[in-house]
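Below is run.pdb, holding PDB, C-alpha atoms.
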ATOM      1  CA  MET A   2     152.467 131.600 107.615  1.00  0.00           C
ATOM      2  CA  THR A   3     153.306 133.809 104.662  1.00  0.00           C
ATOM      3  CA  ARG A   4     150.785 135.739 102.658  1.00  0.00           C
ATOM      4  CA  ARG A   5     151.445 133.572  99.640  1.00  0.00           C
ATOM      5  CA  ALA A   6     150.848 130.348 101.580  1.00  0.00           C
ATOM      6  CA  LEU A   7     147.652 131.760 103.056  1.00  0.00           C
ATOM      7  CA  SER A   8     146.426 132.827  99.582  1.00  0.00           C
ATOM      8  CA  LEU A   9     147.171 129.366  98.236  1.00  0.00           C
ATOM      9  CA  LEU A  10     145.270 127.755 101.126  1.00  0.00           C
ATOM     10  CA  VAL A  11     142.212 129.954 100.492  1.00  0.00           C
ATOM     11  CA  LEU A  12     142.315 129.184  96.765  1.00  0.00           C
ATOM     12  CA  LEU A  13     142.589 125.448  97.440  1.00  0.00           C
ATOM     13  CA  ALA A  14     139.632 125.578  99.846  1.00  0.00           C
ATOM     14  CA  ALA A  15     137.518 127.366  97.211  1.00  0.00           C
ATOM     15  CA  VAL A  16     138.375 124.777  94.554  1.00  0.00           C
ATOM     16  CA  VAL A  17     137.610 121.846  96.872  1.00  0.00           C
ATOM     17  CA  ALA A  18     134.303 123.404  97.956  1.00  0.00           C
ATOM     18  CA  GLY A  19     133.310 123.771  94.307  1.00  0.00           C
ATOM     19  CA  CYS A  20     133.859 120.063  93.651  1.00  0.00           C
ATOM     20  CA  GLY A  21     131.140 118.824  96.021  1.00  0.00           C
ATOM     21  CA  GLU A  22     127.733 117.611  94.950  1.00  0.00           C
ATOM     22  CA  THR A  23     125.271 120.451  94.407  1.00  0.00           C
ATOM     23  CA  PRO A  24     121.557 120.358  93.552  1.00  0.00           C
ATOM     24  CA  GLY A  25     122.539 120.954  89.900  1.00  0.00           C
ATOM     25  CA  ASP A  26     124.521 117.696  90.019  1.00  0.00           C
ATOM     26  CA  VAL A  27     121.462 115.729  91.128  1.00  0.00           C
ATOM     27  CA  LEU A  28     118.515 117.494  89.484  1.00  0.00           C
ATOM     28  CA  PRO A  29     117.944 118.298  85.854  1.00  0.00           C
ATOM     29  CA  PRO A  30     118.600 121.986  85.119  1.00  0.00           C
ATOM     30  CA  PRO A  31     115.548 124.265  85.262  1.00  0.00           C
ATOM     31  CA  ARG A  32     114.001 125.018  81.916  1.00  0.00           C
ATOM     32  CA  ASP A  33     113.104 128.502  80.743  1.00  0.00           C
ATOM     33  CA  GLY A  34     114.162 129.984  84.091  1.00  0.00           C
ATOM     34  CA  ARG A  35     110.950 128.823  85.755  1.00  0.00           C
ATOM     35  CA  SER A  36     112.259 126.408  88.348  1.00  0.00           C
ATOM     36  CA  GLY A  37     110.162 126.270  91.503  1.00  0.00           C
ATOM     37  CA  ILE A  38     106.863 128.024  92.035  1.00  0.00           C
ATOM     38  CA  GLN A  39     105.858 131.613  91.456  1.00  0.00           C
ATOM     39  CA  LEU A  40     102.346 132.678  92.505  1.00  0.00           C
ATOM     40  CA  SER A  41     100.502 135.880  93.292  1.00  0.00           C
ATOM     41  CA  GLY A  42      96.991 136.694  94.397  1.00  0.00           C
ATOM     42  CA  THR A  43      94.933 137.008  97.555  1.00  0.00           C
ATOM     43  CA  LEU A  44      94.696 134.641 100.505  1.00  0.00           C
ATOM     44  CA  GLY A  45      92.548 135.323 103.537  1.00  0.00           C
ATOM     45  CA  GLY A  46      91.782 138.829 102.302  1.00  0.00           C
ATOM     46  CA  ARG A  47      95.434 139.878 101.959  1.00  0.00           C
ATOM     47  CA  GLN A  48      97.850 140.083  99.064  1.00  0.00           C
ATOM     48  CA  ALA A  49     100.128 137.066  98.743  1.00  0.00           C
ATOM     49  CA  ALA A  50     103.160 136.373  96.588  1.00  0.00           C
ATOM     50  CA  VAL A  51     105.294 133.242  96.364  1.00  0.00           C
ATOM     51  CA  ASN A  52     108.649 133.114  94.611  1.00  0.00           C
ATOM     52  CA  ASP A  53     110.422 129.926  95.663  1.00  0.00           C
ATOM     53  CA  GLY A  54     113.128 128.457  93.437  1.00  0.00           C
ATOM     54  CA  LEU A  55     113.263 125.168  95.324  1.00  0.00           C
ATOM     55  CA  PRO A  56     110.065 124.460  97.292  1.00  0.00           C
ATOM     56  CA  GLU A  57     109.634 121.228  99.203  1.00  0.00           C
ATOM     57  CA  VAL A  58     107.883 118.802  96.851  1.00  0.00           C
ATOM     58  CA  ASN A  59     106.326 115.504  97.891  1.00  0.00           C
ATOM     59  CA  PHE A  60     105.084 113.081  95.245  1.00  0.00           C
ATOM     60  CA  GLY A  61     103.620 110.758  97.895  1.00  0.00           C
ATOM     61  CA  ASP A  62     100.880 110.779 100.509  1.00  0.00           C
ATOM     62  CA  CYS A  63     100.368 114.288 101.915  1.00  0.00           C
ATOM     63  CA  ASP A  64      97.429 113.508 104.179  1.00  0.00           C
ATOM     64  CA  VAL A  65      98.266 110.239 105.904  1.00  0.00           C
ATOM     65  CA  ALA A  66      95.412 110.611 108.394  1.00  0.00           C
ATOM     66  CA  GLU A  67      92.923 110.181 105.536  1.00  0.00           C
ATOM     67  CA  GLY A  68      94.304 106.842 104.355  1.00  0.00           C
ATOM     68  CA  PRO A  69      97.092 106.003 101.926  1.00  0.00           C
ATOM     69  CA  ASP A  70      96.905 107.635  98.530  1.00  0.00           C
ATOM     70  CA  ARG A  71      99.067 109.483  96.042  1.00  0.00           C
ATOM     71  CA  ASP A  72      99.196 113.275  96.162  1.00  0.00           C
ATOM     72  CA  LEU A  73     101.496 116.016  94.921  1.00  0.00           C
ATOM     73  CA  CYS A  74     102.303 118.446  97.737  1.00  0.00           C
ATOM     74  CA  VAL A  75     104.096 121.758  97.442  1.00  0.00           C
ATOM     75  CA  ILE A  76     105.287 123.239 100.726  1.00  0.00           C
ATOM     76  CA  THR A  77     106.538 126.802 100.462  1.00  0.00           C
ATOM     77  CA  GLU A  78     106.283 130.247 102.030  1.00  0.00           C
ATOM     78  CA  ASP A  79     105.014 133.522 100.697  1.00  0.00           C
ATOM     79  CA  ILE A  80     107.382 136.488 100.626  1.00  0.00           C
ATOM     80  CA  SER A  81     106.334 137.490 104.154  1.00  0.00           C
ATOM     81  CA  GLY A  82     107.311 134.049 105.490  1.00  0.00           C
ATOM     82  CA  GLU A  83     103.804 132.568 105.880  1.00  0.00           C
ATOM     83  CA  LEU A  84     103.550 128.816 105.224  1.00  0.00           C
ATOM     84  CA  ILE A  85     101.573 127.854 102.122  1.00  0.00           C
ATOM     85  CA  VAL A  86     100.811 124.239 101.293  1.00  0.00           C
ATOM     86  CA  ILE A  87      99.219 123.291  97.981  1.00  0.00           C
ATOM     87  CA  VAL A  88      98.005 119.703  97.615  1.00  0.00           C
ATOM     88  CA  PHE A  89      97.013 118.199  94.278  1.00  0.00           C
ATOM     89  CA  GLU A  90      94.827 115.286  95.384  1.00  0.00           C
ATOM     90  CA  ASN A  91      94.813 113.451  92.047  1.00  0.00           C
ATOM     91  CA  PRO A  92      98.109 113.997  90.195  1.00  0.00           C
ATOM     92  CA  ALA A  93      97.533 110.805  88.200  1.00  0.00           C
ATOM     93  CA  ALA A  94      95.077 112.903  86.154  1.00  0.00           C
ATOM     94  CA  PHE A  95      97.941 115.131  84.946  1.00  0.00           C
ATOM     95  CA  VAL A  96      98.725 114.763  81.242  1.00  0.00           C
ATOM     96  CA  ALA A  97     101.317 116.874  79.445  1.00  0.00           C
ATOM     97  CA  GLY A  98      99.739 119.355  77.068  1.00  0.00           C
ATOM     98  CA  GLU A  99      96.363 119.203  78.830  1.00  0.00           C
ATOM     99  CA  ARG A 100      94.347 121.780  80.768  1.00  0.00           C
ATOM    100  CA  LEU A 101      92.313 120.505  83.708  1.00  0.00           C
ATOM    101  CA  ALA A 102      89.591 122.528  85.346  1.00  0.00           C
ATOM    102  CA  ILE A 103      89.834 122.663  89.141  1.00  0.00           C
ATOM    103  CA  ASP A 104      86.629 121.591  90.835  1.00  0.00           C
ATOM    104  CA  ASP A 105      85.414 120.730  94.306  1.00  0.00           C
ATOM    105  CA  ALA A 106      84.417 117.161  93.480  1.00  0.00           C
ATOM    106  CA  SER A 107      82.902 115.434  96.477  1.00  0.00           C
ATOM    107  CA  CYS A 108      84.776 112.193  96.018  1.00  0.00           C
ATOM    108  CA  GLY A 109      84.452 110.949  99.600  1.00  0.00           C
ATOM    109  CA  ASP A 110      87.720 109.160 100.348  1.00  0.00           C
ATOM    110  CA  ALA A 111      91.355 109.158  99.248  1.00  0.00           C
ATOM    111  CA  ASP A 112      90.969 106.265  96.780  1.00  0.00           C
ATOM    112  CA  ALA A 113      87.923 107.839  95.141  1.00  0.00           C
ATOM    113  CA  CYS A 114      89.731 111.203  94.828  1.00  0.00           C
ATOM    114  CA  ASP A 115      92.749 109.510  93.236  1.00  0.00           C
ATOM    115  CA  ALA A 116      90.407 107.992  90.638  1.00  0.00           C
ATOM    116  CA  VAL A 117      89.025 111.375  89.503  1.00  0.00           C
ATOM    117  CA  THR A 118      90.593 112.167  86.112  1.00  0.00           C
ATOM    118  CA  ASP A 119      88.327 114.761  84.496  1.00  0.00           C
ATOM    119  CA  VAL A 120      89.152 117.640  86.910  1.00  0.00           C
ATOM    120  CA  ALA A 121      92.010 118.574  89.224  1.00  0.00           C
ATOM    121  CA  LEU A 122      91.359 118.437  92.971  1.00  0.00           C
ATOM    122  CA  VAL A 123      93.397 121.051  94.832  1.00  0.00           C
ATOM    123  CA  ASP A 124      93.579 121.952  98.524  1.00  0.00           C
ATOM    124  CA  VAL A 125      95.360 125.011  99.947  1.00  0.00           C
ATOM    125  CA  ARG A 126      96.490 125.617 103.523  1.00  0.00           C
ATOM    126  CA  VAL A 127      97.804 128.949 104.742  1.00  0.00           C
ATOM    127  CA  GLY A 128      99.794 129.125 107.978  1.00  0.00           C
ATOM    128  CA  ASP A 129      98.352 126.811 110.597  1.00  0.00           C
ATOM    129  CA  GLY A 130      94.818 127.235 109.226  1.00  0.00           C
ATOM    130  CA  PRO A 131      92.675 124.414 107.848  1.00  0.00           C
ATOM    131  CA  ARG A 132      93.091 122.962 104.388  1.00  0.00           C
ATOM    132  CA  VAL A 133      90.558 124.546 102.061  1.00  0.00           C
ATOM    133  CA  THR A 134      89.401 122.847  98.876  1.00  0.00           C
ATOM    134  CA  ALA A 135      89.612 124.994  95.763  1.00  0.00           C
ATOM    135  CA  THR A 136      86.276 125.562  94.034  1.00  0.00           C
ATOM    136  CA  GLY A 137      87.473 126.686  90.625  1.00  0.00           C
ATOM    137  CA  GLY A 138      90.317 127.587  88.335  1.00  0.00           C
ATOM    138  CA  SER A 139      92.556 125.434  86.188  1.00  0.00           C
ATOM    139  CA  VAL A 140      95.882 123.634  85.911  1.00  0.00           C
ATOM    140  CA  THR A 141      97.581 123.716  82.508  1.00  0.00           C
ATOM    141  CA  LEU A 142     100.372 121.165  82.242  1.00  0.00           C
ATOM    142  CA  GLU A 143     103.385 121.478  79.969  1.00  0.00           C
ATOM    143  CA  VAL A 144     105.562 118.671  81.372  1.00  0.00           C
ATOM    144  CA  VAL A 145     104.509 115.630  83.373  1.00  0.00           C
ATOM    145  CA  GLU A 146     107.249 113.190  84.360  1.00  0.00           C
ATOM    146  CA  ASP A 147     105.782 110.682  86.793  1.00  0.00           C
ATOM    147  CA  LEU A 148     107.218 111.144  90.306  1.00  0.00           C
ATOM    148  CA  ALA A 149     109.996 113.379  88.952  1.00  0.00           C
ATOM    149  CA  ARG A 150     108.731 116.665  87.536  1.00  0.00           C
ATOM    150  CA  ASP A 151     105.542 118.605  86.833  1.00  0.00           C
ATOM    151  CA  ARG A 152     105.564 121.966  85.069  1.00  0.00           C
ATOM    152  CA  GLY A 153     102.712 124.245  84.109  1.00  0.00           C
ATOM    153  CA  ASP A 154     100.419 127.114  85.013  1.00  0.00           C
ATOM    154  CA  LEU A 155      98.020 127.308  87.924  1.00  0.00           C
ATOM    155  CA  ASP A 156      94.889 129.377  88.599  1.00  0.00           C
ATOM    156  CA  VAL A 157      93.290 128.434  91.935  1.00  0.00           C
ATOM    157  CA  ARG A 158      90.038 129.954  93.208  1.00  0.00           C
ATOM    158  CA  LEU A 159      89.068 129.468  96.841  1.00  0.00           C
ATOM    159  CA  PRO A 160      85.588 129.570  98.410  1.00  0.00           C
ATOM    160  CA  ASP A 161      86.326 132.807 100.336  1.00  0.00           C
ATOM    161  CA  GLY A 162      87.131 134.672  97.110  1.00  0.00           C
ATOM    162  CA  GLY A 163      90.873 134.071  97.397  1.00  0.00           C
ATOM    163  CA  ARG A 164      92.802 133.378  94.235  1.00  0.00           C
ATOM    164  CA  LEU A 165      96.356 132.358  93.336  1.00  0.00           C
ATOM    165  CA  THR A 166      97.739 132.381  89.815  1.00  0.00           C
ATOM    166  CA  GLY A 167     101.205 131.615  88.525  1.00  0.00           C
ATOM    167  CA  THR A 168     103.606 129.014  87.222  1.00  0.00           C
ATOM    168  CA  PHE A 169     105.357 125.981  88.641  1.00  0.00           C
ATOM    169  CA  ASP A 170     108.205 123.674  87.717  1.00  0.00           C
ATOM    170  CA  LEU A 171     108.205 121.130  90.519  1.00  0.00           C
ATOM    171  CA  ILE A 172     111.195 118.867  91.026  1.00  0.00           C
ATOM    172  CA  PRO A 173     111.975 117.133  94.327  1.00  0.00           C
ATOM    173  CA  ARG A 174     114.994 118.392  96.259  1.00  0.00           C
ATOM    174  CA  PRO A 175     117.998 116.028  96.411  1.00  0.00           C
ATOM    175  CA  ASP A 176     117.083 114.876  99.942  1.00  0.00           C
ATOM    176  CA  GLU A 177     113.496 114.249  98.833  1.00  0.00           C
ATOM    177  CA  ILE A 178     114.746 112.070  95.961  1.00  0.00           C
ATOM    178  CA  SER A 179     116.718 109.945  98.391  1.00  0.00           C
ATOM    179  CA  ARG A 180     113.616 109.366 100.569  1.00  0.00           C
ATOM    180  CA  ARG A 181     111.541 107.843  97.785  1.00  0.00           C
TER     181      ARG A 181
END

Structure re-expressed in C-alpha cells:
Amino acid sequence: MTRRALSLLVLLAAVVAGCGETPGDVLPPPRDGRSGIQLSGTLGGRQAAVNDGLPEVNFGDCDVAEGPDRDLCVITEDISGELIVIVFENPAAFVAGERLAIDDASCGDADACDAVTDVALVDVRVGDGPRVTATGGSVTLEVVEDLARDRGDLDVRLPDGGRLTGTFDLIPRPDEISRR
C-alpha cells in the first residue's frame, strides 16, 4: 500500500468517525459552560471536590426499597474517585427562578416526601456509606424542565458539619434518555 493510499484511508476513517451520533447530537448544548455538576466542600471531615461534565442523572425512583416515588439522583465521583450520590427526594417542588431552603423534614414515607413543596429534601451518600439527610442549606433553581433538565446552585449542609456548595446543570446522558 502506498503512502498516499494509507493517508487517504486514515483521512476517510476520521471523517466517518466524525459523522456518528455524539452526546451533542442528542442533548441540548450546555449553557454558560456549566454543564454537569461542580461542587466543593467537606465530606466526612475531608476536603471534597466534584467536577463532572456528564454525571449520571436519574429523574426516576432512586430508592426503590422505600416504595415507588419520583426523585432526582445525581451519581458522580469526587476528584479522588470516591462515589458521591446526591438525591433530591422531592424534585416536583422545583420551580425555575425560586430558592428552596433544604430541611430535614420528617415526612415518613416516599409519597409524603414527594408532596413536600415548601423545602427541598436532599440526601447525600459518600462511597459505600449510608445515605445522610441534609439538615440545611438551599437550592436555587434557574432552569427546571420536567424530566429533562435542572440547573441551579446548591448549598448542602450535613449533620456532621459537612458542606457542599456549587452549581449544577443536570441533563440525562443519551443512554439514560433511552431508558425512560

- [ ] Do a neighbour search on stretch 77-87 of chain A at 6 Å with all atoms listed in the file, toss out local chain neighbours closer than 5 positions, and write the hits as a PyMOL selection string.
- [x] chain A and resi 50-51+56+124-128

- [ ] List the residues matched by the PyMOL selection byres ((chain A and resi 152) around 10) in the displayed structure as a ChimeraX atom specification, ordered by chain and then by residue number.
- [x] /A:32,35-38,97,140-146,150-151,153-155,168-172

- [ ] Record the distance separating atom CA of A:Gly98 and atom CA of A:Asp112, expressed in Å with one decimal.
- [x]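 Taking atom CA of A:Gly98 and atom CA of A:Asp112, their separation equals 25.2 Å.
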
Task: Hits from the PyMOL selection byres ((chain A and resi 57) around 6), listed as a PyMOL selection string - done: chain A and resi 56+58+75-76

Write the residues of the selection above to a file with C-alpha atoms, as an mmCIF file, in the coordinates of the input.
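Output below, filename out22.cif:
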data_model
loop_
_atom_site.group_PDB
_atom_site.id
_atom_site.type_symbol
_atom_site.label_atom_id
_atom_site.label_comp_id
_atom_site.auth_asym_id
_atom_site.auth_seq_id
_atom_site.Cartn_x
_atom_site.Cartn_y
_atom_site.Cartn_z
ATOM 1 C CA PRO A 56 110.065 124.460 97.292
ATOM 2 C CA VAL A 58 107.883 118.802 96.851
ATOM 3 C CA VAL A 75 104.096 121.758 97.442
ATOM 4 C CA ILE A 76 105.287 123.239 100.726
#

Task: Straight-line distance linking atom CA of A:Ser107 with atom CA of A:Arg158, stated in Å to one decimal - done: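 Computing it gives 16.5 Å between the two atoms.
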
- [ ] Step by step, work through what the PyMOL selection byres ((chain A and resi 113) around 12) selects in the shown file, and finish by giving those residues as a list in words.
- [x] Glu67, Gly68, Pro69, Asp70, Arg71, Glu90, Asn91, Ala106, Ser107, Cys108, Gly109, Asp110, Ala111, Asp112, Cys114, Asp115, Ala116, Val117, Thr118 and Leu122 of chain A

Task: Between atom CA of A:Thr166 and atom CA of A:Ser139 - distance in Å to one decimal - done: 9.4 Å

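Among the candidates A:Leu44, A:Ile103, A:Ala135, A:Val88, the residue lying nearest to A:Ala121 is A:Ile103 (atoms considered: all atoms listed in the file).
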
- [ ] Kindly indicate which residue among A:Gln48, A:Thr134, A:Ser41, A:Asn59 lies nearest to A:Asp105, using all atoms listed in the file for the distances.
- [x] A:Thr134

TODO: Rank A:Asp104, A:Asp161, A:Asp53, A:Asp62 by their smallest atom-to-atom distance to A:Val123, using all atoms listed in the file, and report the top residue only.
DONE: A:Asp104
